[in-house]
Each structure stands twice: as C-alpha cells, then as structure tokens.
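K.L.:
File coords_5.csv below, CSV, C-alpha atoms and all ligand atoms:
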chain,number,residue,atom,x,y,z
A,10,MET,CA,6.0,24.0,6.3
A,11,LYS,CA,5.2,20.4,7.2
A,12,PRO,CA,3.3,18.6,4.4
A,13,ILE,CA,-0.2,17.4,5.1
A,14,ILE,CA,-0.5,13.6,4.6
A,15,GLY,CA,-3.9,12.1,4.0
A,16,ILE,CA,-4.1,8.6,5.4
A,17,THR,CA,-6.8,6.2,4.2
A,18,SER,CA,-8.8,4.4,6.8
A,19,SER,CA,-11.0,1.3,7.0
A,20,ILE,CA,-14.7,1.1,7.6
A,21,ASP,CA,-16.2,-1.8,9.6
A,22,ILE,CA,-18.6,-4.2,8.0
A,23,GLU,CA,-21.2,-4.5,10.9
A,24,GLU,CA,-21.2,-0.8,11.9
A,25,PRO,CA,-20.2,2.3,10.0
A,26,VAL,CA,-17.1,2.9,12.1
A,27,HIS,CA,-13.8,4.2,10.7
A,28,ARG,CA,-10.6,2.6,11.9
A,29,LEU,CA,-6.8,3.2,11.4
A,30,HIS,CA,-3.9,1.6,13.3
A,31,ASP,CA,-2.1,4.4,15.1
A,32,ALA,CA,1.3,3.2,13.8
A,33,ASN,CA,0.4,4.9,10.5
A,34,VAL,CA,-0.2,8.2,12.3
A,35,GLN,CA,3.0,7.9,14.3
A,36,ALA,CA,5.1,7.0,11.3
A,37,ILE,CA,4.0,10.2,9.5
A,38,LEU,CA,4.6,12.3,12.6
A,39,ARG,CA,8.0,10.8,13.1
A,40,ALA,CA,9.0,11.5,9.5
A,41,GLY,CA,7.9,15.1,9.8
A,42,GLY,CA,4.5,15.2,8.2
A,43,ILE,CA,1.0,16.2,9.4
A,44,PRO,CA,-1.2,13.1,9.5
A,45,LEU,CA,-4.8,13.6,8.4
A,46,ILE,CA,-7.1,10.6,8.6
A,47,LEU,CA,-9.4,10.4,5.6
A,48,PRO,CA,-12.9,8.9,5.9
A,49,ASN,CA,-14.5,6.7,3.2
A,50,ILE,CA,-16.8,8.9,1.1
A,51,THR,CA,-18.1,8.8,-2.4
A,52,ASP,CA,-18.8,12.4,-3.4
A,53,GLU,CA,-16.4,13.0,-6.3
A,54,GLU,CA,-16.3,16.8,-5.8
A,55,VAL,CA,-15.3,16.3,-2.2
A,56,ILE,CA,-12.6,13.8,-3.2
A,57,LYS,CA,-11.3,16.3,-5.7
A,58,GLU,CA,-11.1,18.9,-2.9
A,59,ILE,CA,-9.3,16.5,-0.6
A,60,VAL,CA,-6.7,15.8,-3.4
A,61,SER,CA,-6.2,19.5,-3.9
A,62,LYS,CA,-5.6,20.1,-0.1
A,63,ILE,CA,-3.3,17.2,0.8
A,64,ASP,CA,0.5,17.1,-0.1
A,65,GLY,CA,0.7,13.3,-0.1
A,66,LEU,CA,-1.3,10.1,0.4
A,67,LEU,CA,-0.5,7.2,2.6
A,68,GLY,CA,-2.6,4.2,1.5
A,69,SER,CA,-3.0,2.1,4.6
A,70,GLY,CA,-3.6,-1.6,5.0
A,71,GLY,CA,-7.0,-3.2,5.3
A,72,TYR,CA,-9.4,-5.8,4.0
A,73,ASP,CA,-9.4,-7.4,0.6
A,74,VAL,CA,-9.8,-5.3,-2.6
A,75,SER,CA,-13.0,-6.3,-4.4
A,76,PRO,CA,-12.2,-8.2,-7.6
A,77,LEU,CA,-15.1,-6.5,-9.4
A,78,ILE,CA,-13.0,-3.3,-9.7
A,79,PHE,CA,-10.4,-5.1,-11.7
A,80,GLY,CA,-12.9,-7.0,-13.8
A,81,GLU,CA,-13.1,-10.4,-12.0
A,82,GLN,CA,-15.8,-12.4,-10.2
A,83,PRO,CA,-15.0,-13.3,-6.6
A,84,HIS,CA,-12.8,-16.4,-6.0
A,85,GLN,CA,-14.0,-18.7,-3.3
A,86,LYS,CA,-11.0,-17.7,-1.2
A,87,ILE,CA,-11.6,-13.9,-1.3
A,88,GLY,CA,-11.8,-12.5,2.2
A,89,THR,CA,-13.8,-9.6,3.7
A,90,ILE,CA,-14.4,-6.7,1.3
A,91,THR,CA,-15.3,-3.1,2.0
A,92,PRO,CA,-17.1,-1.7,-1.1
A,93,LEU,CA,-17.4,1.8,0.2
A,94,ARG,CA,-13.6,2.0,0.8
A,95,ASP,CA,-12.9,0.5,-2.6
A,96,GLN,CA,-15.1,3.1,-4.3
A,97,PHE,CA,-13.5,6.0,-2.4
A,98,GLU,CA,-9.9,4.8,-2.8
A,99,LEU,CA,-10.2,4.1,-6.5
A,100,LEU,CA,-11.2,7.7,-7.2
A,101,LEU,CA,-8.7,9.1,-4.6
A,102,PHE,CA,-5.7,7.1,-5.9
A,103,GLN,CA,-6.6,7.9,-9.6
A,104,LYS,CA,-6.9,11.6,-8.8
A,105,MET,CA,-3.6,11.6,-6.8
A,106,LEU,CA,-1.9,9.9,-9.7
A,107,LYS,CA,-3.3,12.4,-12.2
A,108,ALA,CA,-2.3,15.3,-9.9
A,109,GLU,CA,1.2,13.8,-9.7
A,110,LYS,CA,1.2,14.1,-5.9
A,111,PRO,CA,3.2,11.6,-3.9
A,112,ILE,CA,1.6,8.3,-3.0
A,113,PHE,CA,3.0,5.7,-0.6
A,114,GLY,CA,0.9,2.5,-0.6
A,115,ILE,CA,1.2,-0.1,2.2
A,116,CYS,CA,-0.2,-3.6,1.8
A,117,ARG,CA,-3.8,-3.0,0.6
A,118,GLY,CA,-2.5,0.5,-0.2
A,119,MET,CA,0.0,-1.0,-2.7
A,120,GLN,CA,-2.7,-3.2,-4.2
A,121,MET,CA,-5.1,-0.3,-4.6
A,122,LEU,CA,-2.3,1.8,-6.2
A,123,ASN,CA,-1.8,-1.0,-8.8
A,124,VAL,CA,-5.5,-1.4,-9.4
A,125,ALA,CA,-6.2,2.3,-9.7
A,126,ALA,CA,-3.4,2.6,-12.2
A,127,GLY,CA,-4.9,-0.3,-14.3
A,128,GLY,CA,-3.2,-3.4,-12.9
A,129,ASN,CA,-4.8,-6.4,-11.2
A,130,LEU,CA,-4.4,-8.7,-8.2
A,131,TYR,CA,-4.3,-12.3,-7.1
A,132,GLN,CA,-7.4,-12.6,-5.0
A,133,ASP,CA,-5.8,-15.4,-3.0
A,134,ILE,CA,-2.1,-16.1,-3.7
A,135,TYR,CA,-2.3,-19.7,-2.2
A,136,ALA,CA,-5.1,-20.7,-4.5
A,137,GLN,CA,-4.1,-18.8,-7.6
A,138,HIS,CA,-0.3,-18.6,-7.8
A,139,GLU,CA,1.4,-21.4,-9.6
A,140,GLU,CA,4.5,-21.6,-7.4
A,141,GLN,CA,4.9,-23.3,-4.0
A,142,LEU,CA,4.6,-20.3,-1.8
A,143,ILE,CA,6.2,-19.3,1.5
A,144,LYS,CA,4.1,-18.1,4.4
A,145,HIS,CA,2.9,-14.6,3.8
A,146,GLY,CA,0.7,-14.4,7.0
A,147,GLN,CA,3.2,-14.5,9.8
A,148,ASP,CA,2.4,-15.3,13.3
A,149,ALA,CA,5.4,-13.4,14.7
A,150,PRO,CA,4.9,-9.9,16.2
A,151,ARG,CA,4.4,-7.1,13.6
A,152,SER,CA,7.8,-5.5,14.5
A,153,TYR,CA,9.6,-8.6,13.2
A,154,GLY,CA,10.4,-9.5,9.6
A,155,SER,CA,9.6,-13.0,8.6
A,156,HIS,CA,10.7,-13.3,4.9
A,157,PHE,CA,13.2,-11.9,2.5
A,158,VAL,CA,12.6,-9.4,-0.3
A,159,SER,CA,15.0,-8.9,-3.1
A,160,VAL,CA,15.3,-5.3,-4.1
A,161,LYS,CA,15.8,-4.6,-7.8
A,162,GLU,CA,18.8,-2.3,-8.5
A,163,ASN,CA,18.3,0.9,-10.3
A,164,THR,CA,14.9,1.5,-8.8
A,165,ARG,CA,13.6,4.2,-6.5
A,166,LEU,CA,13.2,1.6,-3.8
A,167,HIS,CA,16.8,0.6,-4.0
A,168,GLU,CA,17.9,4.2,-3.9
A,169,ILE,CA,15.8,4.7,-0.7
A,170,VAL,CA,16.6,1.6,1.3
A,171,LYS,CA,20.2,1.1,0.0
A,172,GLU,CA,19.9,-2.7,0.4
A,173,LYS,CA,19.6,-5.5,-2.1
A,174,GLN,CA,17.9,-7.7,0.4
A,175,LEU,CA,15.3,-6.8,3.1
A,176,VAL,CA,13.7,-8.8,5.8
A,177,VAL,CA,10.0,-7.8,6.0
A,178,ASN,CA,6.9,-8.6,7.9
A,179,SER,CA,4.1,-10.2,6.0
A,180,TYR,CA,0.3,-10.1,6.5
A,181,HIS,CA,-1.4,-10.7,3.2
A,182,HIS,CA,-3.1,-13.3,1.1
A,183,GLN,CA,-3.6,-11.1,-1.9
A,184,ALA,CA,-0.8,-9.7,-4.1
A,185,VAL,CA,-0.2,-7.7,-7.3
A,186,LYS,CA,-0.5,-10.0,-10.3
A,187,ASP,CA,-0.2,-7.9,-13.5
A,188,VAL,CA,1.6,-4.6,-12.8
A,189,ALA,CA,0.0,-1.5,-14.2
A,190,ASP,CA,1.4,0.3,-17.2
A,191,ASN,CA,4.2,2.7,-16.3
A,192,PHE,CA,4.8,0.7,-13.1
A,193,ILE,CA,7.6,-1.7,-12.5
A,194,VAL,CA,8.3,-4.4,-9.9
A,195,SER,CA,11.0,-3.2,-7.5
A,196,GLY,CA,10.9,-6.0,-4.9
A,197,THR,CA,10.0,-9.7,-4.9
A,198,ALA,CA,9.8,-12.4,-2.3
A,199,PRO,CA,11.8,-15.6,-2.8
A,200,ASP,CA,8.7,-17.4,-4.2
A,201,GLY,CA,8.1,-14.7,-6.8
A,202,ILE,CA,5.3,-12.8,-5.0
A,203,ILE,CA,5.5,-9.1,-5.9
A,204,GLU,CA,6.4,-7.2,-2.7
A,205,ALA,CA,7.1,-3.7,-4.1
A,206,ILE,CA,6.1,-1.6,-7.1
A,207,GLU,CA,6.8,1.9,-8.3
A,208,SER,CA,5.8,4.2,-11.1
A,209,THR,CA,8.4,5.0,-13.7
A,210,GLU,CA,6.6,8.3,-14.7
A,211,HIS,CA,5.0,9.7,-11.5
A,212,PRO,CA,7.4,11.6,-9.2
A,213,PHE,CA,6.7,9.3,-6.2
A,214,ALA,CA,4.2,6.5,-6.4
A,215,ILE,CA,5.6,3.5,-4.4
A,216,GLY,CA,3.9,0.5,-3.0
A,217,VAL,CA,5.2,-2.1,-0.6
A,218,GLN,CA,3.4,-5.3,0.4
A,219,TRP,CA,4.8,-5.3,3.9
A,220,HIS,CA,4.1,-3.0,6.9
A,221,PRO,CA,7.1,-0.7,7.5
A,222,GLU,CA,5.0,1.4,9.9
A,223,HIS,CA,5.4,-1.5,12.4
A,224,MET,CA,9.1,-1.9,12.0
A,225,LEU,CA,10.4,1.7,12.6
A,226,ASP,CA,12.1,1.0,15.9
A,227,ASN,CA,14.5,-1.7,14.6
A,228,ASP,CA,14.7,-1.4,10.8
A,229,GLN,CA,16.5,1.4,9.0
A,230,PRO,CA,15.0,0.7,5.6
A,231,SER,CA,11.5,1.2,7.1
A,232,VAL,CA,12.5,4.6,8.5
A,233,ALA,CA,14.1,5.5,5.1
A,234,LEU,CA,10.9,4.8,3.3
A,235,PHE,CA,8.8,7.1,5.4
A,236,ASP,CA,11.5,9.8,5.3
A,237,ALA,CA,11.8,9.6,1.5
A,238,PHE,CA,8.0,9.8,1.2
A,239,ILE,CA,7.7,12.9,3.4
A,240,GLU,CA,10.6,14.5,1.6
A,241,ALA,CA,8.8,14.0,-1.7
A,242,CYS,CA,5.7,15.6,-0.2
A,243,THR,CA,7.7,18.6,0.9
A,244,LYS,CA,8.8,19.6,-2.6
B,1,MN,MN,4.8,-11.2,1.9
Produce structure tokens that represent the structure in this file.
P.N.:
Amino acid sequence: MKPIIGITSSIDIEEPVHRLHDANVQAILRAGGIPLILPNITDEEVIKEIVSKIDGLLGSGGYDVSPLIFGEQPHQKIGTITPLRDQFELLLFQKMLKAEKPIFGICRGMQMLNVAAGGNLYQDIYAQHEEQLIKHGQDAPRSYGSHFVSVKENTRLHEIVKEKQLVVNSYHHQAVKDVADNFIVSGTAPDGIIEAIESTEHPFAIGVQWHPEHMLDNDQPSVALFDAFIEACTK
C-alpha cells in the first residue's frame, strides 16, 4: 500500500485561500506516495485525527514563521507572517514528532520542524547573522542550484544523498539559529548558515533549507531525499 503523505499548504493574507506549489504534489507522486494537501485549521482534535491518518508529513515552503512562537518580538526585517498556518503547523509538527511518524521539512517546513521541537530561528539572516553572508535568495530559476552545502558525514542526510557537497537552490532570508534538542546540523552553507537538520532520536525527521522538489529532473540527491522519505513512510 502506498503511504498517505500530508502536505502543508499556505493561506493567503488578503483572502482565505489555500495554496501549494504543485511541485510538492508531483514529488510525492514520483516517489510513490499519495499526496494529501492539508488545510490550515486550529481544532486540536481534528489535527490529532489527521496525524493518526497520515503516514508521513511533508512540511512545504511558505511565508516567514512568526517570532512570537519562539519567544521573540518581531525584528524590523521580518517578512509576511501567516498566524493561522503557524498555529496549525506548530500543533501538527509536535504531534507528528510525538507519534514518531516521518517528517520531511522543506524551507519553512524545516524551520517549523526546528521551532516545533524547541529550537529557534534567525528572523532575517542578513540583519542578524554575524558573518558576511552569501546570497540566499537566488534569481536563477528554481531548478538550478546556486550555492554549496557541505554535508556532514555520519548523518542520515549523508547516508541518503551520498555526497559530501551539494549544489542547492536558495530562497530564504530566515534560517535555523539554535537547533532543537535531539537534533543535529547535517548540512551548512559556506557562510555557516544551517541548511539541513535531522533528529537523532526520531526515526525520520529531516529538514532542508533548499527546495529539492524543484530540482528532481537534474539532481540525484533531490530524488534520493524524496525516495528515502517515502520509504520511511512505508514502514
Ligand atoms: Mn541557502
């Protein structure tokens, strides 16, 4: 039986319209899962039911995570936030972690994974990170990588992608700051920005700051990530 993969979606600011880039849906189909787009809701009982019914969670990209949920006031450079999505995803990710069901977080999905597990974020890397940073908001098409990521050996990520260096796309101005307990950094950009995290306790809780769903046609590590995720959801 193919595993059912819940995929988080974004909600617009002006109108209550849910959105998800189809690349996420196609990536799950291609890897052999059944994609199921999840709306942003706040009823905890319903969220509990969702967690019991899905075999894995794909945390998709989206707007900025509200700093209030990791105990900070908004920096001047914080971008658009979606409070309803934050509220929904915080509960959803926490319940998925507790249920030990596979989670694959992409971009905002990785950031939410870290926050839900107790970590925090840079609200704006350019304003808050001490190092001289490279460009993390590429102008190249989404299917092209624009910066390197060093993959740490002896990590789940390394086991999956089988490379010590990746070339990834980059569309973010926030990033993981302090990694949650029981999580480790498995990939970093040359400027020190955290680009991948994973749980050391949970069977499969991996986050990447880039968008592998847009690189599947030309990049084997991106294919391997989705394949490994679906395989974990099948067990
Ligand atoms: Mn980046």
K.L.:
Show me which residues line ligand MN 1 (chain B), defined as having an atom within 9 Å of a ligand atom where all atoms listed in the file count, and present them as a PyMOL selection string.
P.N.:
chain A and resi 143-147+155-158+177-182+184+197-198+202-204+218-219
K.L.:
Work out how far apart CA of Ser152 (chain A) and CA of Ser231 (chain A) are and give it in Å to one decimal.
P.N.:
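Here the two named atoms are 10.6 Å from each other.
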K.L.:
In Å, how far is it from CA of Pro150 (chain A) to CA of His220 (chain A)?
P.N.:
11.6 Å
K.L.:
Show me, as CSV, the residues of region 125-243 of chain A having an atom within 12 Å of region 92-99 of chain A, each with the closest atom pair and its distance in Å, using only C-alpha atoms.
P.N.:
residue,atom,partner,partner_atom,distance
A:Ala125,CA,A:Leu99,CA,5.4
A:Ala126,CA,A:Leu99,CA,9.0
A:Gly127,CA,A:Leu99,CA,10.4
K.L.:
What is the distance between CA of Leu67 (chain A) and CA of Asp31 (chain A), in Å to one decimal?
P.N.:
12.9 Å
K.L.:
Go through A:Gly196, A:Gly68, A:Pro44, A:Gly154 one by one, measure the shortest atom-to-atom distance of each to Leu122 (chain A) using only C-alpha atoms, and give the residue with the smallest value.
P.N.:
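Closest to Leu122 (chain A), using only C-alpha atoms: A:Gly68.
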K.L.:
Anything within 9 Å of (5.1, -0.1, 11.8): list those residues as a ChimeraX atom specification, counting all atoms listed in the file and sticking to the file's coordinates.
P.N.:
/A:32-33,35-36,151-152,220-226,231
K.L.:
May I have the residues from that selection written out with C-alpha atoms, as a CSV table (one decimal), keeping the file's coordinate frame?
P.N.:
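See out_5.csv below for the written result:
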chain,number,residue,atom,x,y,z
A,32,ALA,CA,1.3,3.2,13.8
A,33,ASN,CA,0.4,4.9,10.5
A,35,GLN,CA,3.0,7.9,14.3
A,36,ALA,CA,5.1,7.0,11.3
A,151,ARG,CA,4.4,-7.1,13.6
A,152,SER,CA,7.8,-5.5,14.5
A,220,HIS,CA,4.1,-3.0,6.9
A,221,PRO,CA,7.1,-0.7,7.5
A,222,GLU,CA,5.0,1.4,9.9
A,223,HIS,CA,5.4,-1.5,12.4
A,224,MET,CA,9.1,-1.9,12.0
A,225,LEU,CA,10.4,1.7,12.6
A,226,ASP,CA,12.1,1.0,15.9
A,231,SER,CA,11.5,1.2,7.1
K.L.:
Can you tell me, as an mmCIF file with C-alpha atoms, in the frame of the given file, which residues sit within 10 Å of (0.0, 6.0, 0.7) in the file's frame, using only C-alpha atoms?
P.N.:
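Final output, saved to part-v1.cif:
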data_model
loop_
_atom_site.group_PDB
_atom_site.id
_atom_site.type_symbol
_atom_site.label_atom_id
_atom_site.label_comp_id
_atom_site.auth_asym_id
_atom_site.auth_seq_id
_atom_site.Cartn_x
_atom_site.Cartn_y
_atom_site.Cartn_z
ATOM 1 C CA ILE A 14 -0.500 13.600 4.600
ATOM 2 C CA GLY A 15 -3.900 12.100 4.000
ATOM 3 C CA ILE A 16 -4.100 8.600 5.400
ATOM 4 C CA THR A 17 -6.800 6.200 4.200
ATOM 5 C CA ASN A 33 0.400 4.900 10.500
ATOM 6 C CA GLY A 65 0.700 13.300 -0.100
ATOM 7 C CA LEU A 66 -1.300 10.100 0.400
ATOM 8 C CA LEU A 67 -0.500 7.200 2.600
ATOM 9 C CA GLY A 68 -2.600 4.200 1.500
ATOM 10 C CA SER A 69 -3.000 2.100 4.600
ATOM 11 C CA GLY A 70 -3.600 -1.600 5.000
ATOM 12 C CA PHE A 102 -5.700 7.100 -5.900
ATOM 13 C CA PRO A 111 3.200 11.600 -3.900
ATOM 14 C CA ILE A 112 1.600 8.300 -3.000
ATOM 15 C CA PHE A 113 3.000 5.700 -0.600
ATOM 16 C CA GLY A 114 0.900 2.500 -0.600
ATOM 17 C CA ILE A 115 1.200 -0.100 2.200
ATOM 18 C CA CYS A 116 -0.200 -3.600 1.800
ATOM 19 C CA ARG A 117 -3.800 -3.000 0.600
ATOM 20 C CA GLY A 118 -2.500 0.500 -0.200
ATOM 21 C CA MET A 119 0.000 -1.000 -2.700
ATOM 22 C CA MET A 121 -5.100 -0.300 -4.600
ATOM 23 C CA LEU A 122 -2.300 1.800 -6.200
ATOM 24 C CA ALA A 214 4.200 6.500 -6.400
ATOM 25 C CA ILE A 215 5.600 3.500 -4.400
ATOM 26 C CA GLY A 216 3.900 0.500 -3.000
ATOM 27 C CA VAL A 217 5.200 -2.100 -0.600
ATOM 28 C CA PHE A 238 8.000 9.800 1.200
#
K.L.:
Do a neighbour search on Gly41 (chain A) at 9 Å with all atoms listed in the file, toss out local chain neighbours closer than 4 positions, and write the hits as a PyMOL selection string.
P.N.:
chain A and resi 11-12+36-37+236+239-240
K.L.:
Grab the residues selected above and save them as a PDB file, in the coordinates of the input with C-alpha atoms.
P.N.:
ATOM      1  CA  LYS A  11       5.200  20.400   7.200  1.00  0.00           C
ATOM      2  CA  PRO A  12       3.300  18.600   4.400  1.00  0.00           C
ATOM      3  CA  ALA A  36       5.100   7.000  11.300  1.00  0.00           C
ATOM      4  CA  ILE A  37       4.000  10.200   9.500  1.00  0.00           C
ATOM      5  CA  ASP A 236      11.500   9.800   5.300  1.00  0.00           C
ATOM      6  CA  ILE A 239       7.700  12.900   3.400  1.00  0.00           C
ATOM      7  CA  GLU A 240      10.600  14.500   1.600  1.00  0.00           C
TER       8      GLU A 240
END
K.L.:
Need the shell around Pro212 (chain A): protein/DNA/RNA residues with any atom at most 9 Å away, counting only C-alpha atoms. Skip same-chain ones fewer than 5 positions apart. Format as a list in words?
P.N.:
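With the cut-off at 9 Å, the set is Glu109, Lys110, Pro111 and Ala241 of chain A.
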K.L.:
Find the residue from A:Ile59, A:Ile43, A:Ile50, A:Val188 that sits nearest to Ala108 (chain A); use all atoms listed in the file when measuring.
P.N.:
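Closest residue, counting all atoms listed in the file: A:Ile59.
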K.L.:
Could you check which of A:Ala205, A:Ala149, A:Val185, A:Val232 is closest to Tyr131 (chain A), using all atoms listed in the file?
P.N.:
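Distance minimum relative to Tyr131 (chain A) lands on A:Val185.
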K.L.:
Find the residues around Asn191 (chain A) up to 7 Å (all atoms listed in the file counted), leave out those fewer than 3 positions away in its own chain, and share them as a list in words.
P.N.:
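Listing them by chain and then by number gives Ser208, Thr209 and Glu210 of chain A.
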K.L.:
Excluding Ser18 (chain A) and its own-chain neighbours fewer than 5 positions away, which residues fall within 7 Å of it when counting only C-alpha atoms? Please give them as a list in words.
P.N.:
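The residues that qualify are His27, Arg28, Leu29, Ile46, Leu47, Pro48 and Ser69 of chain A.
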K.L.:
Pick from A:Leu234, A:Val74, A:Val26, A:Leu175: nearest to Asn123 (chain A), with all atoms listed in the file counted?
P.N.:
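Closest to Asn123 (chain A), using all atoms listed in the file: A:Val74.
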K.L.:
Please, could N, CA and C atoms be added to region 112-134 of chain A and the result written as a PDB file, in the frame of the given file?
P.N.:
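Generated file (result-v3.pdb):
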ATOM      1  N   ILE A 112       2.401   9.328  -3.505  1.00  0.00           N
ATOM      2  CA  ILE A 112       1.600   8.300  -3.000  1.00  0.00           C
ATOM      3  C   ILE A 112       2.494   7.179  -2.414  1.00  0.00           C
ATOM      4  N   PHE A 113       2.244   6.779  -1.172  1.00  0.00           N
ATOM      5  CA  PHE A 113       3.000   5.700  -0.600  1.00  0.00           C
ATOM      6  C   PHE A 113       1.904   4.637  -0.163  1.00  0.00           C
ATOM      7  N   GLY A 114       1.895   3.496  -0.819  1.00  0.00           N
ATOM      8  CA  GLY A 114       0.900   2.500  -0.600  1.00  0.00           C
ATOM      9  C   GLY A 114       1.472   1.328   0.249  1.00  0.00           C
ATOM     10  N   ILE A 115       0.787   0.985   1.329  1.00  0.00           N
ATOM     11  CA  ILE A 115       1.200  -0.100   2.200  1.00  0.00           C
ATOM     12  C   ILE A 115       0.213  -1.232   2.151  1.00  0.00           C
ATOM     13  N   CYS A 116       0.664  -2.426   1.832  1.00  0.00           N
ATOM     14  CA  CYS A 116      -0.200  -3.600   1.800  1.00  0.00           C
ATOM     15  C   CYS A 116      -1.381  -3.425   0.898  1.00  0.00           C
ATOM     16  N   ARG A 117      -2.584  -3.324   1.453  1.00  0.00           N
ATOM     17  CA  ARG A 117      -3.800  -3.000   0.600  1.00  0.00           C
ATOM     18  C   ARG A 117      -3.529  -1.728  -0.169  1.00  0.00           C
ATOM     19  N   GLY A 118      -2.809  -0.770   0.430  1.00  0.00           N
ATOM     20  CA  GLY A 118      -2.500   0.500  -0.200  1.00  0.00           C
ATOM     21  C   GLY A 118      -1.726   0.313  -1.511  1.00  0.00           C
ATOM     22  N   MET A 119      -0.795  -0.642  -1.492  1.00  0.00           N
ATOM     23  CA  MET A 119       0.000  -1.000  -2.700  1.00  0.00           C
ATOM     24  C   MET A 119      -0.934  -1.636  -3.736  1.00  0.00           C
ATOM     25  N   GLN A 120      -1.796  -2.498  -3.257  1.00  0.00           N
ATOM     26  CA  GLN A 120      -2.700  -3.200  -4.200  1.00  0.00           C
ATOM     27  C   GLN A 120      -3.671  -2.218  -4.830  1.00  0.00           C
ATOM     28  N   MET A 121      -4.189  -1.269  -4.040  1.00  0.00           N
ATOM     29  CA  MET A 121      -5.100  -0.300  -4.600  1.00  0.00           C
ATOM     30  C   MET A 121      -4.363   0.636  -5.598  1.00  0.00           C
ATOM     31  N   LEU A 122      -3.116   0.963  -5.276  1.00  0.00           N
ATOM     32  CA  LEU A 122      -2.300   1.800  -6.200  1.00  0.00           C
ATOM     33  C   LEU A 122      -2.214   1.093  -7.544  1.00  0.00           C
ATOM     34  N   ASN A 123      -1.923  -0.199  -7.513  1.00  0.00           N
ATOM     35  CA  ASN A 123      -1.800  -1.000  -8.800  1.00  0.00           C
ATOM     36  C   ASN A 123      -3.121  -1.042  -9.514  1.00  0.00           C
ATOM     37  N   VAL A 124      -4.196  -1.304  -8.781  1.00  0.00           N
ATOM     38  CA  VAL A 124      -5.500  -1.400  -9.400  1.00  0.00           C
ATOM     39  C   VAL A 124      -5.977  -0.072  -9.981  1.00  0.00           C
ATOM     40  N   ALA A 125      -5.759   0.987  -9.202  1.00  0.00           N
ATOM     41  CA  ALA A 125      -6.200   2.300  -9.700  1.00  0.00           C
ATOM     42  C   ALA A 125      -5.417   2.738 -10.918  1.00  0.00           C
ATOM     43  N   ALA A 126      -4.176   2.236 -11.058  1.00  0.00           N
ATOM     44  CA  ALA A 126      -3.400   2.600 -12.200  1.00  0.00           C
ATOM     45  C   ALA A 126      -3.626   1.619 -13.400  1.00  0.00           C
ATOM     46  N   GLY A 127      -4.497   0.632 -13.196  1.00  0.00           N
ATOM     47  CA  GLY A 127      -4.900  -0.300 -14.300  1.00  0.00           C
ATOM     48  C   GLY A 127      -4.384  -1.687 -14.180  1.00  0.00           C
ATOM     49  N   GLY A 128      -3.718  -2.037 -13.101  1.00  0.00           N
ATOM     50  CA  GLY A 128      -3.200  -3.400 -12.900  1.00  0.00           C
ATOM     51  C   GLY A 128      -4.278  -4.279 -12.227  1.00  0.00           C
ATOM     52  N   ASN A 129      -3.881  -5.510 -11.878  1.00  0.00           N
ATOM     53  CA  ASN A 129      -4.800  -6.400 -11.200  1.00  0.00           C
ATOM     54  C   ASN A 129      -4.104  -7.182 -10.079  1.00  0.00           C
ATOM     55  N   LEU A 130      -4.868  -8.051  -9.396  1.00  0.00           N
ATOM     56  CA  LEU A 130      -4.400  -8.700  -8.200  1.00  0.00           C
ATOM     57  C   LEU A 130      -4.652 -10.235  -8.234  1.00  0.00           C
ATOM     58  N   TYR A 131      -3.853 -10.971  -7.471  1.00  0.00           N
ATOM     59  CA  TYR A 131      -4.300 -12.300  -7.100  1.00  0.00           C
ATOM     60  C   TYR A 131      -5.264 -12.138  -5.967  1.00  0.00           C
ATOM     61  N   GLN A 132      -6.449 -12.730  -6.115  1.00  0.00           N
ATOM     62  CA  GLN A 132      -7.400 -12.600  -5.000  1.00  0.00           C
ATOM     63  C   GLN A 132      -7.042 -13.447  -3.830  1.00  0.00           C
ATOM     64  N   ASP A 133      -6.352 -14.563  -4.098  1.00  0.00           N
ATOM     65  CA  ASP A 133      -5.800 -15.400  -3.000  1.00  0.00           C
ATOM     66  C   ASP A 133      -4.557 -16.063  -3.583  1.00  0.00           C
ATOM     67  N   ILE A 134      -3.403 -15.652  -3.086  1.00  0.00           N
ATOM     68  CA  ILE A 134      -2.100 -16.100  -3.700  1.00  0.00           C
ATOM     69  C   ILE A 134      -2.005 -17.658  -3.534  1.00  0.00           C
TER      70      ILE A 134
END
